[in-house]
Amino acid sequence: MKKICFFDAKPYDKIYFDPFAKEYNFEILYCDSKLNERSVVFAQGCDAVVAFVNDRVNAEVLNALSEMGISIVALRCAGYNNVDFKEAYGKVHIVRVPAYSPYAVAEFTMGMFLSLNRKLYRAYNRIREYNFSLIGLLGTDFHGKTMGVVGTGKIGQVFIDICLGFGMKVLAYDPYPREREGVRYVSFEELCRHSDMISLHCPLTKESYHLVDEKAIETMKDGVMLVNTSRGALIDSTALIEGLKEGKIGAAGLDVYEEEGDYFYEDYSGAVMPDDELARIISMPNVLLTSHQAFLTREALKNIAETTLENLRQYFAGEALPNEICYRCAKNGSCKKEHKERCF
Ligand code: NAD
């Protein structure tokens with residue numbers, strides 16, 4: 001029976017992974033800690049590691065795993081910006097779950113826009129104190145407004161469907177456009193200039209790091225609504241705070257934050273928040289911040305569990321690894337998986 005060390009485990013993970021683990025004959029050791037240079041020792045004696053979005057799969061961790069004889073890390077997520085692929089290559093195979101439910105993230109994104117626009121989170125708190133005033137709750141119709149969608153892959157496409165259903169105009173920016181009716185592809189600069197609302201659905205790469213910076217924000221329409229459900233570092237937090245303070249950004253929905261690794265998924269309610277920028281962002285009445293939860297639906301968790309363990313089964317069975325990713329796959333798709341349909 002293969003032993004799997006499962007980092008950053010939460011009770012809902014166990015519910016969805018245990019039935020598949022039984023089926024695949026894997027023993028899972030659930031570990032509360034995030035994977036990092038210190039916690040990597042918990043994987044000693046295991047055959048594989050399962051990691052999540054805020055686990056650090058850096059050079060030190062990869063070398064430690066390799067020394068323990070572990071040569072596979074299965075990411076139970078789609079994004080992989082937390083992996084040092086150059087270091088992993090030739091040593092540790094990296095597999096992921098490329099798609100589990102684009103609907104989960106796209107629907108959550110629209111939920112954030114709607115909630116910010118009509119200030120549902122403020123209304124909820126008011127009513128609980130018997131404050132029935134409507135002052136400060138004014139919103140706008142979405143119908144006829146322009147949504148700018150940055151990244152039109154699996155999630156971006158579903159999000160565009162939702163926007164078109166609302167009767168919105170859609171501008172899109174993606175280096176690999178997928179032309180379709182009702183969507184006009186433009187440059188990122190043009191998208192910023194003409195969108196009433198902007199939603200980010202692209203991966204975090206060297207090229208997209210701080211895509212939304214001071215200059216991009218300056219270009220945006222006054223009062224623009226910005227939602228990020230992709231990766232925190234797509235937005236320069238300092239520039240975001242300035243944009244919000246000046247009123248340039250009318251409202252921001254953030255399911256991710258560039259320094260989320262230390263805080264998200266943990267209970268800090270009894271502590272003084274050490275991150276001043278995070279505290280400042282949370283303090284603003286026109287910001288809705290959530291703890292990287294856009295993926296969290298029953299359907300998504302079931303698909304994540306099944307694909308993650310199927311990836312591991314394929315690895316142990318010596319089969320092709322369709323969901324493997326290496327630095328060449330991630331960079332320009334030049335990896336041809338020539339090694340028995342594996343990256344190396
Ligand atoms: P995908 O690979 O299907 O699509 C990504 C798209 O972004 C592609 O079309 C690609 O060409 C485009 N792209 C790449 N670089 C770009 C850039 N610099 N500017 C604009 N577009 C660019 O991925 P997906 O499944 O749609 O997921 C999108 C992102 O959503 C993931 O990378 C991940 O970071 C994030 N995500 C977040 C959650 C969550 O819970 N908040 C869950 C799943 C995924």
# chains A, B, ... in the order shown; residues from 1 in each chain; ligands from 1
>>> residues_around(residues="Val227 of chain A", least_positions_apart="6", cutoff="6 Å", atoms="only C-alpha atoms", output="list in words")
Ser199, Ala252, Gly253 and Leu254 of chain A
>>> write_last_selection(atoms="N, CA, C and O atoms", output="PDB file, in the first residue's frame")
ATOM      1  N   SER A 199     -12.037  41.581 -14.402  1.00  0.00           N
ATOM      2  CA  SER A 199     -11.905  40.317 -13.683  1.00  0.00           C
ATOM      3  C   SER A 199     -10.667  39.569 -14.168  1.00  0.00           C
ATOM      4  O   SER A 199     -10.466  39.414 -15.375  1.00  0.00           O
ATOM      5  N   ALA A 252     -13.194  46.572  -4.745  1.00  0.00           N
ATOM      6  CA  ALA A 252     -12.315  45.449  -5.093  1.00  0.00           C
ATOM      7  C   ALA A 252     -12.773  44.180  -4.399  1.00  0.00           C
ATOM      8  O   ALA A 252     -13.101  44.185  -3.208  1.00  0.00           O
ATOM      9  N   GLY A 253     -12.809  43.101  -5.167  1.00  0.00           N
ATOM     10  CA  GLY A 253     -13.123  41.777  -4.638  1.00  0.00           C
ATOM     11  C   GLY A 253     -11.871  40.925  -4.759  1.00  0.00           C
ATOM     12  O   GLY A 253     -11.331  40.761  -5.849  1.00  0.00           O
ATOM     13  N   LEU A 254     -11.399  40.439  -3.626  1.00  0.00           N
ATOM     14  CA  LEU A 254     -10.120  39.707  -3.642  1.00  0.00           C
ATOM     15  C   LEU A 254     -10.307  38.347  -2.979  1.00  0.00           C
ATOM     16  O   LEU A 254     -10.547  38.271  -1.772  1.00  0.00           O
TER      17      LEU A 254
END
>>> residues_near_ligand(ligand="ligand 1", cutoff="6 Å", atoms="only C-alpha atoms and all ligand atoms", output="JSON, numbers by chain")
{"A": [78, 79, 99, 105, 150, 151, 152, 153, 154, 155, 156, 173, 174, 175, 176, 201, 202, 203, 207, 208, 229, 230, 231, 255, 292, 293, 294, 295]}
>>> closest_atom_pairs(of="segment 254-319 of chain A", to="segment 64-72 of chain A", cutoff="10 Å", atoms="only C-alpha atoms", output="Markdown table")
| residue | atom | partner | partner_atom | distance |
| --- | --- | --- | --- | --- |
| A:Asn311 | CA | A:Ile72 | CA | 9.9 |
| A:Leu312 | CA | A:Ile72 | CA | 8.0 |
| A:Tyr315 | CA | A:Ile72 | CA | 8.0 |
| A:Phe316 | CA | A:Ile72 | CA | 9.5 |
>>> select_by_dssp(residues="segment 58-117 of chain A", states="strand (DSSP E or B)", output="list in words")
Ile72, Val73, Ala74, Leu75, Val83, His93, Ile94 and Val95 of chain A
>>> write_last_selection(atoms="all heavy atoms", output="mmCIF file, in the first residue's frame")
data_model
loop_
_atom_site.group_PDB
_atom_site.id
_atom_site.type_symbol
_atom_site.label_atom_id
_atom_site.label_comp_id
_atom_site.auth_asym_id
_atom_site.auth_seq_id
_atom_site.Cartn_x
_atom_site.Cartn_y
_atom_site.Cartn_z
ATOM 1 N N ILE A 72 7.600 12.211 -6.516
ATOM 2 C CA ILE A 72 6.374 12.793 -7.090
ATOM 3 C C ILE A 72 5.665 13.698 -6.085
ATOM 4 O O ILE A 72 5.513 13.340 -4.908
ATOM 5 C CB ILE A 72 5.399 11.709 -7.620
ATOM 6 C CG1 ILE A 72 4.161 12.385 -8.225
ATOM 7 C CG2 ILE A 72 4.989 10.700 -6.542
ATOM 8 C CD1 ILE A 72 3.622 11.768 -9.449
ATOM 9 N N VAL A 73 5.280 14.875 -6.589
ATOM 10 C CA VAL A 73 4.423 15.786 -5.820
ATOM 11 C C VAL A 73 3.154 15.984 -6.646
ATOM 12 O O VAL A 73 3.217 16.391 -7.808
ATOM 13 C CB VAL A 73 5.100 17.150 -5.569
ATOM 14 C CG1 VAL A 73 4.104 18.158 -4.987
ATOM 15 C CG2 VAL A 73 6.283 17.001 -4.623
ATOM 16 N N ALA A 74 2.018 15.654 -6.029
ATOM 17 C CA ALA A 74 0.739 15.839 -6.719
ATOM 18 C C ALA A 74 0.083 17.105 -6.171
ATOM 19 O O ALA A 74 -0.282 17.165 -4.990
ATOM 20 C CB ALA A 74 -0.165 14.632 -6.487
ATOM 21 N N LEU A 75 -0.028 18.119 -7.019
ATOM 22 C CA LEU A 75 -0.711 19.348 -6.610
ATOM 23 C C LEU A 75 -2.208 19.089 -6.719
ATOM 24 O O LEU A 75 -2.678 18.610 -7.759
ATOM 25 C CB LEU A 75 -0.336 20.501 -7.536
ATOM 26 C CG LEU A 75 1.143 20.881 -7.624
ATOM 27 C CD1 LEU A 75 1.349 21.919 -8.722
ATOM 28 C CD2 LEU A 75 1.624 21.434 -6.283
ATOM 29 N N VAL A 83 5.760 26.322 -7.375
ATOM 30 C CA VAL A 83 6.710 25.229 -7.630
ATOM 31 C C VAL A 83 7.961 25.762 -8.326
ATOM 32 O O VAL A 83 7.865 26.540 -9.273
ATOM 33 C CB VAL A 83 6.058 24.157 -8.542
ATOM 34 C CG1 VAL A 83 7.060 23.035 -8.855
ATOM 35 C CG2 VAL A 83 4.789 23.589 -7.921
ATOM 36 N N HIS A 93 8.701 14.476 -10.138
ATOM 37 C CA HIS A 93 7.616 14.740 -11.096
ATOM 38 C C HIS A 93 6.548 15.603 -10.405
ATOM 39 O O HIS A 93 6.226 15.380 -9.235
ATOM 40 C CB HIS A 93 6.971 13.433 -11.551
ATOM 41 C CG HIS A 93 7.896 12.575 -12.365
ATOM 42 N ND1 HIS A 93 7.970 12.665 -13.727
ATOM 43 C CD2 HIS A 93 8.792 11.621 -11.994
ATOM 44 C CE1 HIS A 93 8.876 11.803 -14.174
ATOM 45 N NE2 HIS A 93 9.389 11.156 -13.138
ATOM 46 N N ILE A 94 6.000 16.549 -11.159
ATOM 47 C CA ILE A 94 4.931 17.407 -10.621
ATOM 48 C C ILE A 94 3.675 17.154 -11.460
ATOM 49 O O ILE A 94 3.690 17.334 -12.682
ATOM 50 C CB ILE A 94 5.301 18.914 -10.717
ATOM 51 C CG1 ILE A 94 6.684 19.205 -10.095
ATOM 52 C CG2 ILE A 94 4.207 19.777 -10.095
ATOM 53 C CD1 ILE A 94 6.782 19.109 -8.597
ATOM 54 N N VAL A 95 2.628 16.704 -10.793
ATOM 55 C CA VAL A 95 1.346 16.532 -11.483
ATOM 56 C C VAL A 95 0.331 17.474 -10.841
ATOM 57 O O VAL A 95 0.519 17.916 -9.704
ATOM 58 C CB VAL A 95 0.838 15.070 -11.428
ATOM 59 C CG1 VAL A 95 1.645 14.177 -12.348
ATOM 60 C CG2 VAL A 95 0.866 14.526 -9.999
#
>>> residues_around(residues="Asp196 of chain A", least_positions_apart="5", cutoff="10 Å", atoms="only C-alpha atoms", output="PyMOL selection string")
chain A and resi 142+145-148+169+191+220-226+250
>>> write_last_selection(atoms="all heavy atoms", output="mmCIF file, in the first residue's frame")
data_model
loop_
_atom_site.group_PDB
_atom_site.id
_atom_site.type_symbol
_atom_site.label_atom_id
_atom_site.label_comp_id
_atom_site.auth_asym_id
_atom_site.auth_seq_id
_atom_site.Cartn_x
_atom_site.Cartn_y
_atom_site.Cartn_z
ATOM 1 N N PHE A 142 -25.928 45.977 -14.094
ATOM 2 C CA PHE A 142 -24.844 45.339 -14.862
ATOM 3 C C PHE A 142 -25.182 45.334 -16.354
ATOM 4 O O PHE A 142 -24.297 45.376 -17.199
ATOM 5 C CB PHE A 142 -24.601 43.902 -14.384
ATOM 6 C CG PHE A 142 -23.714 43.824 -13.158
ATOM 7 C CD1 PHE A 142 -23.495 44.934 -12.360
ATOM 8 C CD2 PHE A 142 -23.078 42.638 -12.813
ATOM 9 C CE1 PHE A 142 -22.678 44.872 -11.240
ATOM 10 C CE2 PHE A 142 -22.247 42.564 -11.699
ATOM 11 C CZ PHE A 142 -22.057 43.678 -10.908
ATOM 12 N N LYS A 145 -23.295 47.247 -19.191
ATOM 13 C CA LYS A 145 -21.948 47.681 -18.756
ATOM 14 C C LYS A 145 -20.882 46.797 -19.419
ATOM 15 O O LYS A 145 -21.189 45.726 -19.949
ATOM 16 C CB LYS A 145 -21.819 47.582 -17.224
ATOM 17 C CG LYS A 145 -22.759 48.506 -16.476
ATOM 18 C CD LYS A 145 -22.400 49.973 -16.642
ATOM 19 C CE LYS A 145 -23.281 50.902 -15.826
ATOM 20 N NZ LYS A 145 -24.726 50.722 -15.951
ATOM 21 N N THR A 146 -19.637 47.262 -19.343
ATOM 22 C CA THR A 146 -18.547 46.525 -19.998
ATOM 23 C C THR A 146 -17.690 45.797 -18.976
ATOM 24 O O THR A 146 -17.155 46.417 -18.051
ATOM 25 C CB THR A 146 -17.666 47.504 -20.818
ATOM 26 O OG1 THR A 146 -18.499 48.130 -21.788
ATOM 27 C CG2 THR A 146 -16.531 46.776 -21.511
ATOM 28 N N MET A 147 -17.584 44.490 -19.167
ATOM 29 C CA MET A 147 -16.713 43.666 -18.317
ATOM 30 C C MET A 147 -15.419 43.391 -19.067
ATOM 31 O O MET A 147 -15.448 42.948 -20.223
ATOM 32 C CB MET A 147 -17.411 42.335 -17.988
ATOM 33 C CG MET A 147 -16.574 41.372 -17.168
ATOM 34 S SD MET A 147 -16.253 41.949 -15.483
ATOM 35 C CE MET A 147 -17.819 41.570 -14.684
ATOM 36 N N GLY A 148 -14.293 43.629 -18.444
ATOM 37 C CA GLY A 148 -12.989 43.286 -19.023
ATOM 38 C C GLY A 148 -12.491 41.985 -18.419
ATOM 39 O O GLY A 148 -12.351 41.888 -17.198
ATOM 40 N N LYS A 169 -21.466 43.898 -22.113
ATOM 41 C CA LYS A 169 -20.494 43.866 -23.214
ATOM 42 C C LYS A 169 -19.216 43.265 -22.632
ATOM 43 O O LYS A 169 -18.905 43.522 -21.474
ATOM 44 C CB LYS A 169 -20.215 45.278 -23.717
ATOM 45 C CG LYS A 169 -21.426 45.944 -24.331
ATOM 46 C CD LYS A 169 -21.101 47.396 -24.655
ATOM 47 C CE LYS A 169 -22.397 48.142 -24.936
ATOM 48 N NZ LYS A 169 -22.366 49.512 -24.430
ATOM 49 N N LEU A 191 -8.235 47.381 -22.596
ATOM 50 C CA LEU A 191 -9.206 46.756 -21.684
ATOM 51 C C LEU A 191 -9.336 47.599 -20.411
ATOM 52 O O LEU A 191 -10.446 47.883 -19.953
ATOM 53 C CB LEU A 191 -8.751 45.330 -21.358
ATOM 54 C CG LEU A 191 -9.651 44.507 -20.440
ATOM 55 C CD1 LEU A 191 -9.626 43.026 -20.850
ATOM 56 C CD2 LEU A 191 -9.261 44.617 -18.974
ATOM 57 N N MET A 220 -7.246 52.914 -15.795
ATOM 58 C CA MET A 220 -8.622 52.414 -15.638
ATOM 59 C C MET A 220 -9.634 53.544 -15.491
ATOM 60 O O MET A 220 -9.282 54.658 -15.108
ATOM 61 C CB MET A 220 -8.697 51.485 -14.416
ATOM 62 C CG MET A 220 -7.939 50.190 -14.607
ATOM 63 S SD MET A 220 -7.967 49.182 -13.098
ATOM 64 C CE MET A 220 -6.782 47.913 -13.519
ATOM 65 N N LYS A 221 -10.891 53.214 -15.750
ATOM 66 C CA LYS A 221 -11.982 54.183 -15.571
ATOM 67 C C LYS A 221 -12.102 54.548 -14.098
ATOM 68 O O LYS A 221 -11.885 53.686 -13.225
ATOM 69 C CB LYS A 221 -13.312 53.541 -15.993
ATOM 70 C CG LYS A 221 -13.574 53.542 -17.474
ATOM 71 C CD LYS A 221 -15.032 53.123 -17.689
ATOM 72 C CE LYS A 221 -15.408 53.141 -19.136
ATOM 73 N NZ LYS A 221 -16.833 52.826 -19.337
ATOM 74 N N ASP A 222 -12.508 55.772 -13.825
ATOM 75 C CA ASP A 222 -12.743 56.160 -12.427
ATOM 76 C C ASP A 222 -13.855 55.283 -11.855
ATOM 77 O O ASP A 222 -14.884 55.084 -12.508
ATOM 78 C CB ASP A 222 -13.179 57.637 -12.349
ATOM 79 C CG ASP A 222 -12.019 58.571 -12.679
ATOM 80 O OD1 ASP A 222 -10.861 58.105 -12.694
ATOM 81 O OD2 ASP A 222 -12.277 59.757 -12.945
ATOM 82 N N GLY A 223 -13.637 54.761 -10.678
ATOM 83 C CA GLY A 223 -14.679 53.964 -10.006
ATOM 84 C C GLY A 223 -14.761 52.529 -10.495
ATOM 85 O O GLY A 223 -15.720 51.818 -10.175
ATOM 86 N N VAL A 224 -13.747 52.075 -11.252
ATOM 87 C CA VAL A 224 -13.751 50.700 -11.782
ATOM 88 C C VAL A 224 -13.902 49.682 -10.645
ATOM 89 O O VAL A 224 -13.434 49.911 -9.523
ATOM 90 C CB VAL A 224 -12.436 50.448 -12.575
ATOM 91 C CG1 VAL A 224 -11.219 50.497 -11.667
ATOM 92 C CG2 VAL A 224 -12.478 49.134 -13.344
ATOM 93 N N MET A 225 -14.580 48.581 -10.968
ATOM 94 C CA MET A 225 -14.708 47.497 -9.992
ATOM 95 C C MET A 225 -13.736 46.395 -10.422
ATOM 96 O O MET A 225 -13.776 45.964 -11.575
ATOM 97 C CB MET A 225 -16.150 46.986 -10.031
ATOM 98 C CG MET A 225 -16.664 46.464 -8.723
ATOM 99 S SD MET A 225 -18.326 45.833 -8.928
ATOM 100 C CE MET A 225 -19.239 47.341 -8.947
ATOM 101 N N LEU A 226 -12.876 45.965 -9.508
ATOM 102 C CA LEU A 226 -11.822 45.011 -9.854
ATOM 103 C C LEU A 226 -11.962 43.750 -8.998
ATOM 104 O O LEU A 226 -12.079 43.844 -7.772
ATOM 105 C CB LEU A 226 -10.465 45.681 -9.570
ATOM 106 C CG LEU A 226 -9.191 44.878 -9.760
ATOM 107 C CD1 LEU A 226 -8.972 44.522 -11.227
ATOM 108 C CD2 LEU A 226 -7.985 45.676 -9.247
ATOM 109 N N GLY A 250 -13.303 51.798 -7.508
ATOM 110 C CA GLY A 250 -14.551 51.976 -6.764
ATOM 111 C C GLY A 250 -14.787 50.852 -5.778
ATOM 112 O O GLY A 250 -15.339 51.066 -4.690
#
>>> closest_residue(among="A:Ser39, A:Asn82, A:Thr307, A:Ser33", to="Arg56 of chain A", atoms="only C-alpha atoms")
A:Asn82
>>> select_by_dssp(residues="segment 101-331 of chain A", states="alpha helix (DSSP H)", output="number ranges by chain")
A: 102-118, 120-128, 154-165, 188-194, 214-219, 237-245, 276-283, 298-316, 327-331
